[in-house]
Amino acid sequence: MEFNFTLKYRLPDTCDEIDVLEQRLAEAGCDDALVGIGLPGRLALAFCREAGSAGAALRSALDDAQRAVPGAELVEVSPDLVGLTDVADLLGMSRQNMRKLMLANPQSFPSPVHEGSTSIWHLADILGWLRARGSAKVTTEMTELAAAALQLNLAREGRRLQPKA
């Protein structure tokens with residue numbers, strides 16, 4: 001199966017020039033990723049990786065990236081945190097339809113992680129809710145990838161919150 005996901009990193013201060021970094025990533029097995037450096041000290045790797053499962057795809061990409069850029073700190077695995085527009089785009093529907101579903105089902109629609117003028121949800125929660133309602137647009141691969149990304153982000157956050165010894 002093919003999985004599309006993004007790994008976002010904070011780079012160490014001693015990181016190489018972009019050309020050297022791209023070469024090291026390719027040599028480490030990240031040649032199936034589009035490399036993005038937008039903000040100084042940040043790196044985004046948009047993967048399109050073949051694997052038997054979403055977890056295997058993510059683990060192999062994380063290992064490859066860590067080997068290429070030792071000391072890089074994982075910031076986020078996506079798709080995980082999303083707005084209604086993100087979900088609508090993923091499923092090929094309008095944002096208005098997603099909003100109608102949310103408003104029409106206030107008791108059962110997943111609670112956002114952050115509620116405000118722009119609310120954010122875990123994609124796995126929304127996909128699970130849609131799948132339980134019989135949505136044919138939600139694939140097993142989407143659900144598996146969103147769940148694996150959520151688990152990795154929660155584990156990363158849990159490690160960050162542990163008291164330093």
# chains A, B, ... in the order shown; residues from 1 in each chain; ligands from 1
$ residues_around --residues "range 41-58 of chain A" --least-positions-apart "4" --cutoff "7 Å" --atoms "only C-alpha atoms" --output "list in words"
Met1, Glu2, Phe3, Asn4, Phe5, Thr6, Leu7, Lys8, Tyr9, Arg10, Leu11, Asp32, Ala33, Leu34, Val35, Gly36, Ile37, Leu62, Glu144, Leu145 and Ala148 of chain A
$ select_by_dssp --residues "chain A" --states "strand (DSSP E)" --output "mmCIF file with C-alpha atoms, in the first residue's frame"
data_model
loop_
_atom_site.group_PDB
_atom_site.id
_atom_site.type_symbol
_atom_site.label_atom_id
_atom_site.label_comp_id
_atom_site.auth_asym_id
_atom_site.auth_seq_id
_atom_site.Cartn_x
_atom_site.Cartn_y
_atom_site.Cartn_z
ATOM 1 C CA GLU A 2 1.063 3.589 -0.548
ATOM 2 C CA PHE A 3 0.926 6.086 2.317
ATOM 3 C CA ASN A 4 1.247 9.883 2.078
ATOM 4 C CA PHE A 5 2.331 11.685 5.232
ATOM 5 C CA THR A 6 4.583 14.480 6.448
ATOM 6 C CA LEU A 7 7.246 14.488 9.140
ATOM 7 C CA LYS A 8 8.164 17.899 10.567
ATOM 8 C CA TYR A 9 11.449 18.452 12.390
ATOM 9 C CA ARG A 10 13.387 21.089 14.289
ATOM 10 C CA ALA A 33 10.117 12.433 0.222
ATOM 11 C CA LEU A 34 9.744 15.996 -0.953
ATOM 12 C CA VAL A 35 12.063 18.124 1.194
ATOM 13 C CA GLY A 36 10.802 21.474 2.450
ATOM 14 C CA ARG A 42 12.852 23.592 10.365
ATOM 15 C CA LEU A 43 12.517 20.664 7.969
ATOM 16 C CA ALA A 44 9.400 19.066 6.487
ATOM 17 C CA LEU A 45 9.529 15.750 4.657
ATOM 18 C CA ALA A 46 6.416 14.922 2.606
ATOM 19 C CA PHE A 47 6.601 11.176 2.005
ATOM 20 C CA CYS A 48 4.875 8.902 -0.460
ATOM 21 C CA ARG A 49 6.010 5.554 0.952
ATOM 22 C CA GLU A 50 5.147 1.978 0.049
ATOM 23 C CA GLU A 73 13.808 16.792 16.884
ATOM 24 C CA LEU A 74 10.469 15.462 15.618
ATOM 25 C CA VAL A 75 7.862 18.214 15.941
ATOM 26 C CA GLU A 76 4.808 16.635 14.289
ATOM 27 C CA VAL A 77 3.616 13.692 12.239
ATOM 28 C CA SER A 78 0.742 14.468 9.910
ATOM 29 C CA LEU A 81 -4.329 17.734 13.639
ATOM 30 C CA VAL A 82 -6.822 19.069 11.099
ATOM 31 C CA TRP A 121 -9.532 17.882 15.623
ATOM 32 C CA HIS A 122 -7.560 14.668 15.479
#
$ residues_around --residues "Ser117 in chain A" --least-positions-apart "3" --cutoff "12 Å" --atoms "only C-alpha atoms" --output "list in words"
Gly83, Leu84, Pro112, His114 and Ile120 of chain A
$ write_last_selection --atoms "N, CA and C atoms" --output "short mmCIF file (atom, residue, chain, number, x, y, z; two decimals), in the first residue's frame"
data_model
loop_
_atom_site.label_atom_id
_atom_site.label_comp_id
_atom_site.auth_asym_id
_atom_site.auth_seq_id
_atom_site.Cartn_x
_atom_site.Cartn_y
_atom_site.Cartn_z
N GLY A 83 -8.31 20.83 10.49
CA GLY A 83 -9.53 21.62 10.54
C GLY A 83 -10.57 20.98 9.61
N LEU A 84 -11.76 21.51 9.62
CA LEU A 84 -12.81 20.95 8.76
C LEU A 84 -12.45 21.04 7.29
N PRO A 112 -13.41 18.80 19.44
CA PRO A 112 -12.12 19.28 18.94
C PRO A 112 -11.05 19.25 20.02
N HIS A 114 -8.83 21.66 20.00
CA HIS A 114 -8.82 23.09 20.29
C HIS A 114 -10.07 23.68 19.66
N ILE A 120 -9.69 22.64 15.83
CA ILE A 120 -8.79 21.60 15.34
C ILE A 120 -9.19 20.28 15.99
#
$ residues_around --residues "Ser108 in chain A" --least-positions-apart "4" --cutoff "10 Å" --atoms "only C-alpha atoms" --output "JSON, numbers by chain"
{"A": [102, 104, 129]}
$ atom_distance --atom1 "CA of Arg160 in chain A" --atom2 "CA of Thr14 in chain A"
22.0 Å
$ closest_residue --among "A:Asp13, A:Glu115, A:Arg67, A:Leu91" --to "Cys30 in chain A" --atoms "only C-alpha atoms"
A:Arg67
$ closest_residue --among "A:Gly29, A:Gly116, A:Pro12, A:Pro106" --to "Ser60 in chain A" --atoms "only C-alpha atoms"
A:Gly29
$ select_by_dssp --residues "range 20-98 of chain A" --states "alpha helix (DSSP H)" --output "count of residues only"
35
$ residues_around --residues "range 16-26 of chain A" --least-positions-apart "6" --cutoff "8 Å" --atoms "only C-alpha atoms" --output "number ranges by chain"
A: 35, 64-65, 68-69
$ decode --residues "range 53-65 of chain A" --atoms "N, CA and C atoms" --output "PDB file, in the first residue's frame"
ATOM      1  N   SER A  53       1.912  -1.549   6.024  1.00  0.00           N
ATOM      2  CA  SER A  53       0.982  -0.893   6.948  1.00  0.00           C
ATOM      3  C   SER A  53       1.417   0.548   7.151  1.00  0.00           C
ATOM      4  N   ALA A  54       0.507   1.358   7.671  1.00  0.00           N
ATOM      5  CA  ALA A  54       0.829   2.762   7.947  1.00  0.00           C
ATOM      6  C   ALA A  54       1.918   2.847   9.012  1.00  0.00           C
ATOM      7  N   GLY A  55       1.817   2.014  10.029  1.00  0.00           N
ATOM      8  CA  GLY A  55       2.820   2.023  11.086  1.00  0.00           C
ATOM      9  C   GLY A  55       4.206   1.697  10.551  1.00  0.00           C
ATOM     10  N   ALA A  56       4.280   0.716   9.653  1.00  0.00           N
ATOM     11  CA  ALA A  56       5.567   0.345   9.061  1.00  0.00           C
ATOM     12  C   ALA A  56       6.114   1.479   8.206  1.00  0.00           C
ATOM     13  N   ALA A  57       5.254   2.139   7.446  1.00  0.00           N
ATOM     14  CA  ALA A  57       5.688   3.261   6.607  1.00  0.00           C
ATOM     15  C   ALA A  57       6.235   4.387   7.465  1.00  0.00           C
ATOM     16  N   LEU A  58       5.530   4.729   8.532  1.00  0.00           N
ATOM     17  CA  LEU A  58       5.964   5.810   9.409  1.00  0.00           C
ATOM     18  C   LEU A  58       7.258   5.447  10.147  1.00  0.00           C
ATOM     19  N   ARG A  59       7.326   4.238  10.678  1.00  0.00           N
ATOM     20  CA  ARG A  59       8.531   3.834  11.416  1.00  0.00           C
ATOM     21  C   ARG A  59       9.769   3.846  10.519  1.00  0.00           C
ATOM     22  N   SER A  60       9.628   3.337   9.295  1.00  0.00           N
ATOM     23  CA  SER A  60      10.793   3.303   8.405  1.00  0.00           C
ATOM     24  C   SER A  60      11.212   4.719   8.007  1.00  0.00           C
ATOM     25  N   ALA A  61      10.243   5.600   7.778  1.00  0.00           N
ATOM     26  CA  ALA A  61      10.565   6.987   7.421  1.00  0.00           C
ATOM     27  C   ALA A  61      11.228   7.704   8.598  1.00  0.00           C
ATOM     28  N   LEU A  62      10.727   7.481   9.803  1.00  0.00           N
ATOM     29  CA  LEU A  62      11.335   8.084  10.993  1.00  0.00           C
ATOM     30  C   LEU A  62      12.774   7.593  11.178  1.00  0.00           C
ATOM     31  N   ASP A  63      12.985   6.305  10.995  1.00  0.00           N
ATOM     32  CA  ASP A  63      14.332   5.751  11.120  1.00  0.00           C
ATOM     33  C   ASP A  63      15.273   6.330  10.069  1.00  0.00           C
ATOM     34  N   ASP A  64      14.796   6.402   8.819  1.00  0.00           N
ATOM     35  CA  ASP A  64      15.618   6.939   7.731  1.00  0.00           C
ATOM     36  C   ASP A  64      15.978   8.401   7.985  1.00  0.00           C
ATOM     37  N   ALA A  65      14.998   9.184   8.401  1.00  0.00           N
ATOM     38  CA  ALA A  65      15.241  10.614   8.650  1.00  0.00           C
ATOM     39  C   ALA A  65      16.204  10.807   9.822  1.00  0.00           C
TER      40      ALA A  65
END
